[in-house]
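What follows is one structure encoded as structure tokens, with my remarks underneath.
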Amino acid sequence: MAFFSRTTLSDRQEAAVNKTLQNLRTQRRNRFRALACIDGTDESFVTVRFGARYCVQSNCDLIILFVRPIDQGLHSGGLQVRLARQNMLDAGFELPGVRHLRRAIEILKEEGIDVSAWPQEAEHQDAWGDAAGDNKIEYLSPEGRSVVVKLKTAPDSRSMQAVRRSAVLATVTGEPITLFSVATTESGRSAAEEAVANAKALLRAMKINVAETRVAVGTPAEEIIESGSLYKVIVVTDEGRSRLQRLFRGSIATDDPAFRHDVNEMGEAPVLEHGALRLTQSGVILDYLAERTGRYGAENASERREIWRWILFDNHKFTASLATLRFLVNFAKTGETPVTEFLRARAINAIKIVDGHLAEHTFIIGKRLTIADVSLSGYVFYGDELTIPLASYSNLQKWMDRIRALPGWKHPYDLMPRAPM
Ligand SMILES: N[C@@H](CCC(=O)N[C@@H](CS)C(=O)NCC(=O)O)C(=O)O
């Protein structure tokens, strides 16, 4: 028999560990990494092939990721222990996704990246109470290049997105949050318990505290009404079919079927209502406002084309990347992920293009402000929330100063209430 005692690190040891981690992070940042997410479709394997071709040099690492839903059927602690000790690819049983990861490895081989002879390290981590958890294998080439194959577990993404969004709304009240799940039959109770536990873990990662979790069995709407008087605000996340559930959902979330049906089938803001007219897509709204007010629009056909060229670039690359990055970092609080890295790189690329253009233009299409400037400047005033140092782009800065100095200009937070962060 062996006894192990837990030891704590001395300050010196802890500093050494932190330094090693810091060095590893720095090394990692200096490497180029390509992520291919596969879902078993032919298109996703094309991404793997593309990644391999794109990542030809040895300073480029490749990550292949398959995300599978939590498997309610895999209730075995034994399975977890076994996987913890074993490489998922030769564990002797096939988890969903493993077949596709094997296919991805074959594709890499076809493209000249044969990982079979490289030393490998397998890792297993518990996740979401799933018996098989998260698994990864890292292959390291003799030149220090890494290919990582990951099988991750995630809760059903749509309902978790709804939980995330609703929790952000609920925090606005500043009141303690209770998570409540209703199972329609007794046999669904454990799934409901698991759902609230998963949601609680998700919110913890977003630094949102959950004061209480509750589970009931019955008709969801009735159960919610019964408990309702105890709470100040009720945010219902699940897809509601009955009128009552739709009433609860009201206009809370943009994927609300009622919002999509009645207001904007695209599920997006902004929406402009003017008399009987309802318009969506900011570019179309700006165009309409320019036409109605006779200001900030095109004065001839070539200006019109130039304005649309920049609005489309803005919607596709500039604001699209900046806004999504700001949302992920500040509101969804995902931390740094391959997605935020990708979006930041994409945003910086677009910023450089606009900055270069502004070296020779006072405003986007020339000497006067147009709706193209309005479209492009929608997000640039959010400062640190953008997580991009805009100060280094001097032409962009001067353009922002010119816009700021225009009569009537206001910071976005002076025009709209600020969402909680
Ligand atoms: N191209 C659209 C983009 C609109 C957009 O992405 N709006 C965000 C809010 S700023 C939104 O409604 N997102 C909800 C979602 O993506 O589900 C436009 O310019 O109007």
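Following the order of the structure tokens, chains are lettered A, B, ..., residues in each are numbered from 1, and ligands are numbered from 1.
Proximal residues of ligand 1 are Ala253, Thr254, Asp255, Met266, Gly267, Glu268, Ala269, Pro270, Val271, Thr280, Gln281, Ser282, Gly283, Val284, Ile285, Ile311, Leu312, Asp314, Asn315, His316, Thr319, Ala320, Ala323, Thr324 and Ser375 of chain A, by a cut-off of 9 Å on only C-alpha atoms and all ligand atoms.
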What lies within 7 Å of Val149 of chain A using only C-alpha atoms, ignoring chain neighbours under 3 positions off, as an mmCIF file with N, CA and C atoms, in the first residue's frame?
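So selection-v2.cif came out as:
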```
data_model
loop_
_atom_site.group_PDB
_atom_site.id
_atom_site.type_symbol
_atom_site.label_atom_id
_atom_site.label_comp_id
_atom_site.auth_asym_id
_atom_site.auth_seq_id
_atom_site.Cartn_x
_atom_site.Cartn_y
_atom_site.Cartn_z
ATOM 1 N N ILE A 63 -4.726 21.972 -35.582
ATOM 2 C CA ILE A 63 -5.636 21.409 -34.580
ATOM 3 C C ILE A 63 -6.882 20.920 -35.306
ATOM 4 N N ILE A 64 -7.229 19.678 -35.079
ATOM 5 C CA ILE A 64 -8.458 19.134 -35.675
ATOM 6 C C ILE A 64 -9.432 18.895 -34.526
ATOM 7 N N LEU A 65 -10.615 19.440 -34.655
ATOM 8 C CA LEU A 65 -11.557 19.379 -33.536
ATOM 9 C C LEU A 65 -12.898 18.786 -33.968
ATOM 10 N N LEU A 101 -12.265 11.711 -36.840
ATOM 11 C CA LEU A 101 -10.903 12.178 -36.523
ATOM 12 C C LEU A 101 -9.879 11.291 -37.227
ATOM 13 N N LYS A 136 -7.840 14.451 -26.024
ATOM 14 C CA LYS A 136 -7.024 14.974 -27.116
ATOM 15 C C LYS A 136 -5.749 14.162 -27.246
ATOM 16 N N ILE A 137 -5.199 14.171 -28.454
ATOM 17 C CA ILE A 137 -3.911 13.531 -28.691
ATOM 18 C C ILE A 137 -3.047 14.572 -29.383
ATOM 19 N N GLU A 138 -1.859 14.756 -28.857
ATOM 20 C CA GLU A 138 -0.948 15.705 -29.496
ATOM 21 C C GLU A 138 0.203 14.919 -30.112
#
```
Filtered DSSP result for segment 166-355 of chain A, state helix (DSSP H, G or I), as a PyMOL selection string: chain A and resi 166-171+186-205+220-228+243-249+257-262+282-293+301-331+338-355
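Picture a line from atom CA of Asp373 of chain A to atom CA of Ile403 of chain A; it runs 8.5 Å.
If you look at atom CA of Thr334 of chain A and atom CA of Val168 of chain A, they are 13.4 Å away from each other.
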Strand (DSSP E) call set, DSSP backbone run, segment 30-72 of chain A, as a ChimeraX atom specification: /A:32-38,60-69
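The nearest approach to Ala131 of chain A among the residues A:Leu79, A:Ser116, A:Pro69, A:Ala290, with only C-alpha atoms taken into account, belongs to A:Leu79.
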8 Å contact set for Ile113 of chain A, only C-alpha atoms, chain neighbours under 4 positions out, as a list of chain:residue names: A:Ala52, A:Leu108, A:Lys109
Expected file contents, prior selection, N, CA and C atoms, as a PDB file, in the first residue's frame:
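Saved the output as part.pdb:
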```
ATOM      1  N   ALA A  52      -4.043  21.626 -44.073  1.00  0.00           N
ATOM      2  CA  ALA A  52      -2.750  20.967 -44.272  1.00  0.00           C
ATOM      3  C   ALA A  52      -1.953  21.692 -45.354  1.00  0.00           C
ATOM      4  N   LEU A 108      -4.527  14.135 -43.643  1.00  0.00           N
ATOM      5  CA  LEU A 108      -3.240  14.808 -43.408  1.00  0.00           C
ATOM      6  C   LEU A 108      -2.116  13.997 -44.054  1.00  0.00           C
ATOM      7  N   LYS A 109      -2.231  12.655 -43.943  1.00  0.00           N
ATOM      8  CA  LYS A 109      -1.198  11.789 -44.519  1.00  0.00           C
ATOM      9  C   LYS A 109      -1.167  11.965 -46.042  1.00  0.00           C
TER      10      LYS A 109
END
```
Close residues, segment 183-195 of chain A itself excluded, 7 Å, only C-alpha atoms, min 4 positions apart in chain, as number ranges by chain: A: 199, 215-219
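Pairwise distance (atom CA of Tyr288 of chain A, atom CA of Val354 of chain A) equals 24.2 Å.
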